[in-house]
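Chemist: Sharing a structure here in structure tokens format.
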Amino acid sequence: MDFVTPLLAIGGRADAEDGAALRAAGVDTLLSLAPLARPRDVGVQLSVAVADRVALPDAAIREVVDFLAQRTAAGHRVLMHCEMGISRSPALAACFLHECAGLTLDEAFARVGSARAIAAPDVALLASIRRYYAARLATDRAADRDSDPPFAVQFADLAGNENPFGPSPQAVQAITQALAGLHRYPDLGADALREALAQRLDLPASHIVIGNGACELIDLTLRRCAAGGGEVLIPDPAFPAYRSAARRAGAHVIPVPLTGADYRVEAFLERLTPATRLVVVASPHNPTGTLMSPSDWARLRDALPEGAWLLLDEAYRDYAGAQELIDACADVRRGARVIVLRSLSKVEGLAGLRVGYGFAPAVMAQELAALCPQYHVGTLAQVAAVAALADERHRADSVAANAREREALMAGLARLGVDFIPSAANFVLLRGPRDALARLAARAVAVKCMARYGLPGHIRVSVGLPPENARFLAALGELIREDHECREAIPA
Ligand SMILES: *Cc1c(COP(=O)(O)O)cnc(C)c1O
């Protein structure tokens, strides 16, 4: 077991269940977040059941810190039990140090980390703690406006490429109005939503399929087109949902490397074979934010082997603004073997609701729809989607603000001398300093880890609200300066 303070230790299950060792260390109190048999020598045990495997609810932080404060004030020695790989207990020890020993959260985490080298605390875990103290700070401030805040924390969540302005207010209103009807099943065919989309896209409604997020439609497309060993060409790096859907469908993945950050259409053409069943393209691409040109798209479409389909993921299309975009709608109208996916999780700000759509030649759209379980898209998602699509104001404001802030963010990165890829979307891919994720999290900024995308050393930062982007740039600047000073301090 490792002591964080003379009265507070952190240990694994073996420590927590070893009565003799606990007695030798003078530990008489045990705190655990997982069920644990209480050794005979332990007088008091607090077990806090926390459903979330990562984040901590406010009540748990409150309860644990109060418990630790009481026990240690009375001179008892406490062991916090910590399961392998889960760093909630050490994080709670840091909360205790922050509240009761006057350390800043960063200092508290550093202290705990030096007593017990823990894996970098999960971003969501840190987020829950920062949010908790930010809320407390706000309450404390309201209670006593004269006192100086001990620290100012506001967590900038720039990991999910969501709309930082929130959902369309009209969507929220539509949801409120639909609440009283929730005892009824949703419209099975999502007819109103498909009709609204048909008008926007100038396509017959028979060409449109609704999904529980675009991710569900990615799954259905892989199942329909490449199940059971069919070859699918997937850009590399790319959104991980394509590969996971391919795995579930039993498809055979052929990675297509990007050149730098760009699609090189020849890399796709070279890999087409008579066995190719599906080719995946995203424009703007995630995680690079780059576009495929309409001429490259046309070459690829025209080179498709017999029976193969082309999937175009346009989750970020609105953000690309005036740049030259692929007109896949025209392809679908002409009956080309093209499936287009879009999402309401991004500009429309409905990521938590799960609704997206696809369009394709009618036979394909019907086949994809036939693969869906019944009632896979709920009433609230359907009515909110109709309202959000009609809310031109929210979309235009969101897109304009994103474009402004994206420019400011990229200009800031350029000033810091950071390698980044100019983006047409609502995020930017960049090469991060060492341990960027954890060090940014310690500064209350969450960004996306690119390890799962196969890009170690990189991070993807979403374009947030102006103060969030400023906070990110300031934090990144600090890391770069720290590393610079550190390098200078090491004699050559
Ligand atoms: C965010 C995102 C989506 C949208 O997924 P939903 O399931 O609609 O939330 C689709 N494709 C890519 C590339 C994305 O980044």
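How things are named: the first chain in the structure tokens is A, the next is B, and so on; residues count from 1 in each chain; ligands count from 1 in the order shown.
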Residues within 9 Å of ligand 1 should be enumerated using only C-alpha atoms and all ligand atoms and returned as a count of residues only.

Modeler: 40

Chemist: Skipping near chain neighbours, those fewer than 6 positions away, what residues fall within 12 Å of Ala20 of chain A using only C-alpha atoms, listed as a list of chain:residue names?

Modeler: A:Ala14, A:Gly26, A:Val27, A:Asp28, A:Pro39, A:Arg40, A:Asp41, A:Val42

Chemist: Create the file for the chosen residues now, containing N, CA, C and O atoms and written as a CSV table (one decimal), in the first residue's frame.

Modeler:
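Contents of out.csv, freshly written:
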chain,number,residue,atom,x,y,z
A,14,ALA,N,-5.3,-7.1,-2.8
A,14,ALA,CA,-4.5,-7.9,-1.9
A,14,ALA,C,-4.2,-7.2,-0.6
A,14,ALA,O,-4.3,-7.8,0.5
A,26,GLY,N,-1.3,-0.2,10.9
A,26,GLY,CA,-2.2,0.6,11.7
A,26,GLY,C,-3.5,1.1,11.0
A,26,GLY,O,-4.1,2.1,11.4
A,27,VAL,N,-3.9,0.4,9.9
A,27,VAL,CA,-5.1,0.8,9.2
A,27,VAL,C,-6.3,0.2,9.8
A,27,VAL,O,-6.3,-1.0,10.0
A,28,ASP,N,-7.3,1.0,10.2
A,28,ASP,CA,-8.5,0.4,10.8
A,28,ASP,C,-9.7,0.8,10.0
A,28,ASP,O,-10.8,0.6,10.4
A,39,PRO,N,-12.0,-7.4,6.2
A,39,PRO,CA,-11.1,-8.2,7.1
A,39,PRO,C,-11.5,-7.9,8.5
A,39,PRO,O,-12.0,-6.9,8.8
A,40,ARG,N,-11.3,-8.9,9.4
A,40,ARG,CA,-11.7,-8.8,10.8
A,40,ARG,C,-11.1,-7.6,11.5
A,40,ARG,O,-11.8,-7.0,12.3
A,41,ASP,N,-9.9,-7.2,11.1
A,41,ASP,CA,-9.2,-6.1,11.8
A,41,ASP,C,-9.7,-4.8,11.5
A,41,ASP,O,-9.4,-3.8,12.1
A,42,VAL,N,-10.5,-4.7,10.4
A,42,VAL,CA,-10.9,-3.3,10.0
A,42,VAL,C,-12.2,-3.0,10.8
A,42,VAL,O,-13.2,-3.7,10.7

Chemist: Quick check for you: according to DSSP on this backbone, which residues of segment 223-444 of chain A are classed as strand (DSSP E)? Reply as a PyMOL selection string.

Modeler: chain A and resi 231-236+252-257+276-282+309-313+338-343+356-359+427-431

Chemist: For the selection you just gave me, I'd like the residues written to a file as a compact mmCIF listing (two decimals), in the first residue's frame, keeping N, CA and C atoms.

Modeler:
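Result file follows (part-v3.txt):
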# COMPACT_ATOMS: atom_id res chain seq x y z
N GLU A 231 -14.95 -7.82 -49.25
CA GLU A 231 -13.85 -6.85 -49.11
C GLU A 231 -14.39 -5.44 -48.99
N VAL A 232 -13.90 -4.72 -47.96
CA VAL A 232 -14.28 -3.32 -47.80
C VAL A 232 -13.01 -2.48 -47.69
N LEU A 233 -12.95 -1.43 -48.51
CA LEU A 233 -11.81 -0.51 -48.48
C LEU A 233 -12.13 0.60 -47.49
N ILE A 234 -11.27 0.75 -46.48
CA ILE A 234 -11.50 1.76 -45.44
C ILE A 234 -10.27 2.64 -45.33
N PRO A 235 -10.44 3.96 -45.41
CA PRO A 235 -9.28 4.85 -45.29
C PRO A 235 -8.60 4.64 -43.94
N ASP A 236 -7.31 4.91 -43.91
CA ASP A 236 -6.53 4.72 -42.68
C ASP A 236 -5.59 5.91 -42.53
N HIS A 252 -14.02 -8.22 -44.67
CA HIS A 252 -12.56 -8.27 -44.76
C HIS A 252 -12.07 -6.85 -45.08
N VAL A 253 -11.36 -6.24 -44.11
CA VAL A 253 -10.97 -4.83 -44.25
C VAL A 253 -9.66 -4.69 -45.03
N ILE A 254 -9.69 -3.85 -46.05
CA ILE A 254 -8.46 -3.48 -46.76
C ILE A 254 -8.21 -2.01 -46.43
N PRO A 255 -7.19 -1.71 -45.62
CA PRO A 255 -6.93 -0.30 -45.29
C PRO A 255 -6.37 0.45 -46.50
N VAL A 256 -6.80 1.69 -46.65
CA VAL A 256 -6.28 2.53 -47.73
C VAL A 256 -5.57 3.71 -47.08
N PRO A 257 -4.24 3.71 -47.10
CA PRO A 257 -3.53 4.77 -46.37
C PRO A 257 -3.78 6.15 -47.01
N THR A 276 -14.14 -6.61 -54.34
CA THR A 276 -14.51 -5.43 -53.55
C THR A 276 -16.03 -5.32 -53.46
N ARG A 277 -16.53 -5.18 -52.23
CA ARG A 277 -17.99 -5.04 -52.05
C ARG A 277 -18.38 -3.62 -51.65
N LEU A 278 -17.45 -2.93 -50.95
CA LEU A 278 -17.80 -1.61 -50.42
C LEU A 278 -16.53 -0.77 -50.32
N VAL A 279 -16.68 0.54 -50.62
CA VAL A 279 -15.57 1.48 -50.46
C VAL A 279 -16.08 2.61 -49.57
N VAL A 280 -15.35 2.90 -48.51
CA VAL A 280 -15.79 3.93 -47.56
C VAL A 280 -14.99 5.21 -47.77
N VAL A 281 -15.72 6.32 -47.89
CA VAL A 281 -15.09 7.64 -48.01
C VAL A 281 -15.82 8.57 -47.04
N ALA A 282 -15.07 9.41 -46.34
CA ALA A 282 -15.70 10.44 -45.51
C ALA A 282 -15.17 11.79 -45.96
N TRP A 309 -20.34 -1.13 -53.84
CA TRP A 309 -21.01 0.13 -53.48
C TRP A 309 -20.00 1.09 -52.88
N LEU A 310 -20.37 2.38 -52.99
CA LEU A 310 -19.53 3.46 -52.47
C LEU A 310 -20.30 4.12 -51.34
N LEU A 311 -19.69 4.17 -50.15
CA LEU A 311 -20.34 4.81 -49.00
C LEU A 311 -19.68 6.16 -48.78
N LEU A 312 -20.49 7.21 -48.76
CA LEU A 312 -19.96 8.55 -48.49
C LEU A 312 -20.51 9.03 -47.15
N ASP A 313 -19.63 9.26 -46.19
CA ASP A 313 -20.02 9.73 -44.87
C ASP A 313 -19.86 11.25 -44.84
N VAL A 338 -24.31 4.30 -54.83
CA VAL A 338 -23.77 5.23 -53.84
C VAL A 338 -24.74 5.29 -52.66
N ILE A 339 -24.18 5.18 -51.45
CA ILE A 339 -24.96 5.35 -50.22
C ILE A 339 -24.36 6.54 -49.47
N VAL A 340 -25.19 7.51 -49.13
CA VAL A 340 -24.70 8.71 -48.44
C VAL A 340 -25.26 8.73 -47.02
N LEU A 341 -24.39 9.01 -46.04
CA LEU A 341 -24.85 9.09 -44.65
C LEU A 341 -24.63 10.49 -44.10
N ARG A 342 -25.62 10.95 -43.35
CA ARG A 342 -25.48 12.23 -42.64
C ARG A 342 -25.99 12.05 -41.22
N SER A 343 -25.61 12.99 -40.36
CA SER A 343 -25.89 12.84 -38.94
C SER A 343 -26.53 14.11 -38.41
N GLY A 356 -29.78 9.87 -37.31
CA GLY A 356 -29.05 10.19 -38.53
C GLY A 356 -29.84 9.66 -39.71
N TYR A 357 -29.37 9.93 -40.92
CA TYR A 357 -30.11 9.42 -42.08
C TYR A 357 -29.16 9.08 -43.20
N GLY A 358 -29.68 8.31 -44.12
CA GLY A 358 -28.91 7.96 -45.30
C GLY A 358 -29.79 8.07 -46.52
N PHE A 359 -29.18 8.23 -47.68
CA PHE A 359 -29.97 8.12 -48.90
C PHE A 359 -29.18 7.34 -49.94
N PHE A 427 -13.16 20.44 -36.16
CA PHE A 427 -12.10 19.91 -35.32
C PHE A 427 -10.80 20.08 -36.08
N VAL A 428 -9.69 19.96 -35.35
CA VAL A 428 -8.38 20.09 -35.98
C VAL A 428 -7.49 18.97 -35.45
N LEU A 429 -6.79 18.32 -36.37
CA LEU A 429 -5.83 17.27 -35.99
C LEU A 429 -4.45 17.90 -35.87
N LEU A 430 -3.76 17.61 -34.77
CA LEU A 430 -2.45 18.20 -34.59
C LEU A 430 -1.52 17.25 -33.88
N ARG A 431 -0.24 17.52 -34.03
CA ARG A 431 0.75 16.75 -33.30
C ARG A 431 0.86 17.37 -31.91

Chemist: Rounded to one decimal in Å, what is the spacing between atom CA of Gly250 of chain A and atom CA of Tyr263 of chain A?

Modeler: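 Value for the atom CA of Gly250 of chain A-atom CA of Tyr263 of chain A distance: 25.5 Å.
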
Chemist: Tell me which protein, DNA and RNA residues are within 8 Å of Gln366 of chain A, counting only C-alpha atoms, leaving out same-chain ones fewer than 2 positions away, and put them as a list in words.

Modeler: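 My reading of the contact set: Ser206, His207, Val209, Ala362, Val363, Met364, Leu368, Ala369 and Ala370 of chain A.
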
Chemist: Write out as JSON, numbers by chain the residues lying within 7 Å of Ala156 of chain A, counting only C-alpha atoms and excluding same-chain residues fewer than 4 positions away.

Modeler: {"A": [444, 445, 446, 468]}

Chemist: Keeping only C-alpha atoms, write the selected residues as a CSV table (one decimal), in the first residue's frame.

Modeler:
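Ended up saving to part35.csv:
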chain,number,residue,atom,x,y,z
A,444,ALA,CA,-9.3,21.2,-17.5
A,445,VAL,CA,-9.3,20.6,-21.2
A,446,ALA,CA,-10.4,17.3,-22.8
A,468,GLU,CA,-12.9,27.1,-24.5

Chemist: Give me the residues near segment 449-456 of chain A as a list of chain:residue names, where near means some atom within 7 Å (using only C-alpha atoms) and where sequence neighbours in that chain fewer than 2 positions away do not count.

Modeler: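 Near segment 449-456 of chain A, the qualifying residues are A:Pro237, A:Ala238, A:Pro240, A:Leu437, A:Val447, A:His458, A:Ile459, A:Arg460.
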
Chemist: Give me, as an MDAnalysis selection string, all polymer residues having an atom no more than 10 Å from Val50 of chain A, counting only C-alpha atoms and skipping those fewer than 5 positions away in the same chain.

Modeler: chainID A and resid 33:34 55:57 59:60 88

Chemist: Create the file for the chosen residues now, containing N, CA, C and O atoms and written as a tab-separated table (two decimals), in the first residue's frame.

Modeler:
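Listed below is the output, out21.tsv:
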chain	number	residue	atom	x	y	z
A	33	LEU	N	-14.84	1.17	-3.61
A	33	LEU	CA	-15.89	1.47	-4.58
A	33	LEU	C	-16.40	0.19	-5.23
A	33	LEU	O	-17.24	0.21	-6.09
A	34	ALA	N	-15.81	-0.94	-4.79
A	34	ALA	CA	-16.25	-2.23	-5.32
A	34	ALA	C	-16.53	-3.13	-4.13
A	34	ALA	O	-15.94	-2.94	-3.07
A	55	ALA	N	-16.53	7.81	-14.52
A	55	ALA	CA	-16.79	9.12	-13.91
A	55	ALA	C	-17.33	8.95	-12.49
A	55	ALA	O	-17.77	7.88	-12.10
A	56	LEU	N	-17.27	10.01	-11.72
A	56	LEU	CA	-17.78	10.00	-10.35
A	56	LEU	C	-18.97	10.93	-10.22
A	56	LEU	O	-18.88	12.10	-10.60
A	57	PRO	N	-20.09	10.45	-9.66
A	57	PRO	CA	-21.20	11.36	-9.41
A	57	PRO	C	-20.87	12.29	-8.25
A	57	PRO	O	-20.09	11.93	-7.36
A	59	ALA	N	-22.50	13.09	-5.67
A	59	ALA	CA	-22.82	12.57	-4.33
A	59	ALA	C	-21.69	11.68	-3.82
A	59	ALA	O	-21.39	11.68	-2.62
A	60	ALA	N	-21.06	10.92	-4.71
A	60	ALA	CA	-19.98	10.04	-4.27
A	60	ALA	C	-18.77	10.85	-3.82
A	60	ALA	O	-18.14	10.53	-2.82
A	88	ARG	N	-10.37	5.68	-9.87
A	88	ARG	CA	-11.30	6.54	-9.16
A	88	ARG	C	-10.89	6.74	-7.70
A	88	ARG	O	-11.03	7.83	-7.16

Chemist: Please run DSSP on the backbone and report, as a ChimeraX atom specification, all residues within segment 329-483 of chain A that come out as alpha helix (DSSP H).

Modeler: /A:329-333,362-370,379-390,392-416,436-441,466-483

Chemist: Pick out the residues sitting within 10 Å of Ala9 of chain A, and hand them over as a ChimeraX atom specification; count only C-alpha atoms, and ignore anything fewer than 6 positions along from it in its own chain.

Modeler: /A:1-3,25,27,30,77-81,90,93,112,115-116

Chemist: Write out the residues from the selection above, keeping N, CA and C atoms, as a PDB file, in the first residue's frame.

Modeler:
ATOM      1  N   MET A   1       0.854  -1.208   0.000  1.00  0.00           N
ATOM      2  CA  MET A   1       0.000   0.000   0.000  1.00  0.00           C
ATOM      3  C   MET A   1       0.880   1.245   0.000  1.00  0.00           C
ATOM      4  N   ASP A   2       0.368   2.312  -0.595  1.00  0.00           N
ATOM      5  CA  ASP A   2       1.162   3.536  -0.737  1.00  0.00           C
ATOM      6  C   ASP A   2       0.491   4.670   0.040  1.00  0.00           C
ATOM      7  N   PHE A   3       1.268   5.348   0.879  1.00  0.00           N
ATOM      8  CA  PHE A   3       0.696   6.422   1.697  1.00  0.00           C
ATOM      9  C   PHE A   3       0.756   7.764   0.987  1.00  0.00           C
ATOM     10  N   ALA A  25       0.196  -1.935   9.566  1.00  0.00           N
ATOM     11  CA  ALA A  25       0.273  -0.552   9.096  1.00  0.00           C
ATOM     12  C   ALA A  25      -0.627   0.370   9.924  1.00  0.00           C
ATOM     13  N   VAL A  27      -3.856   0.408   9.933  1.00  0.00           N
ATOM     14  CA  VAL A  27      -5.059   0.803   9.193  1.00  0.00           C
ATOM     15  C   VAL A  27      -6.279   0.164   9.831  1.00  0.00           C
ATOM     16  N   LEU A  30     -11.475   1.166   6.013  1.00  0.00           N
ATOM     17  CA  LEU A  30     -11.338   0.758   4.624  1.00  0.00           C
ATOM     18  C   LEU A  30     -12.407   1.467   3.794  1.00  0.00           C
ATOM     19  N   ARG A  77      -6.519   5.645  10.556  1.00  0.00           N
ATOM     20  CA  ARG A  77      -5.731   5.465   9.337  1.00  0.00           C
ATOM     21  C   ARG A  77      -6.594   4.719   8.316  1.00  0.00           C
ATOM     22  N   VAL A  78      -6.649   5.245   7.105  1.00  0.00           N
ATOM     23  CA  VAL A  78      -7.600   4.749   6.096  1.00  0.00           C
ATOM     24  C   VAL A  78      -6.859   4.152   4.905  1.00  0.00           C
ATOM     25  N   LEU A  79      -7.340   3.006   4.445  1.00  0.00           N
ATOM     26  CA  LEU A  79      -6.855   2.467   3.176  1.00  0.00           C
ATOM     27  C   LEU A  79      -7.954   2.624   2.129  1.00  0.00           C
ATOM     28  N   MET A  80      -7.598   3.283   1.020  1.00  0.00           N
ATOM     29  CA  MET A  80      -8.546   3.377  -0.098  1.00  0.00           C
ATOM     30  C   MET A  80      -8.213   2.252  -1.056  1.00  0.00           C
ATOM     31  N   HIS A  81      -9.198   1.392  -1.241  1.00  0.00           N
ATOM     32  CA  HIS A  81      -8.976   0.238  -2.111  1.00  0.00           C
ATOM     33  C   HIS A  81      -9.175   0.657  -3.569  1.00  0.00           C
ATOM     34  N   PRO A  90      -7.781   6.698  -6.278  1.00  0.00           N
ATOM     35  CA  PRO A  90      -6.733   7.723  -6.180  1.00  0.00           C
ATOM     36  C   PRO A  90      -7.267   9.120  -6.492  1.00  0.00           C
ATOM     37  N   ALA A  93      -8.788  10.421  -3.484  1.00  0.00           N
ATOM     38  CA  ALA A  93      -7.762  10.842  -2.526  1.00  0.00           C
ATOM     39  C   ALA A  93      -7.300  12.255  -2.880  1.00  0.00           C
ATOM     40  N   VAL A 112      -0.744  12.529  -5.367  1.00  0.00           N
ATOM     41  CA  VAL A 112      -1.230  11.147  -5.415  1.00  0.00           C
ATOM     42  C   VAL A 112      -0.427  10.348  -6.437  1.00  0.00           C
ATOM     43  N   ALA A 115       2.882   9.316  -5.050  1.00  0.00           N
ATOM     44  CA  ALA A 115       2.815   8.257  -4.036  1.00  0.00           C
ATOM     45  C   ALA A 115       2.534   6.918  -4.710  1.00  0.00           C
ATOM     46  N   ARG A 116       1.723   6.943  -5.723  1.00  0.00           N
ATOM     47  CA  ARG A 116       1.333   5.706  -6.385  1.00  0.00           C
ATOM     48  C   ARG A 116       1.207   6.023  -7.866  1.00  0.00           C
TER      49      ARG A 116
END

Chemist: To one decimal place, how far is atom CA of Leu158 of chain A from atom CA of Leu476 of chain A in Å?

Modeler: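 Answer for the atom CA of Leu158 of chain A to atom CA of Leu476 of chain A separation: 13.0 Å.
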
Chemist: Of the candidates A:Ile210, A:Val461, A:Leu473, A:Ile480, which shows the shortest atom-to-atom distance to Asp157 of chain A, using only C-alpha atoms?

Modeler: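 Ranked by minimum distance to Asp157 of chain A, first place goes to A:Val461.
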
Chemist: Between A:Ala16, A:Thr288, A:Ala385, A:Val123, single out the one closest to Glu195 of chain A, counting only C-alpha atoms.

Modeler: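 When distances to Glu195 of chain A are compared using only C-alpha atoms, the smallest one comes from A:Ala385.
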
Chemist: Between atom CA of Ala320 of chain A and atom CA of Val399 of chain A, what distance in Å does the model show, to one decimal?

Modeler: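 Going from atom CA of Ala320 of chain A over to atom CA of Val399 of chain A, I get 8.6 Å.
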
Chemist: So which one's closest to Leu201 of chain A, A:Leu272, A:Leu46, A:Ile421, A:Ala328? Using only C-alpha atoms, please.

Modeler: A:Ala328
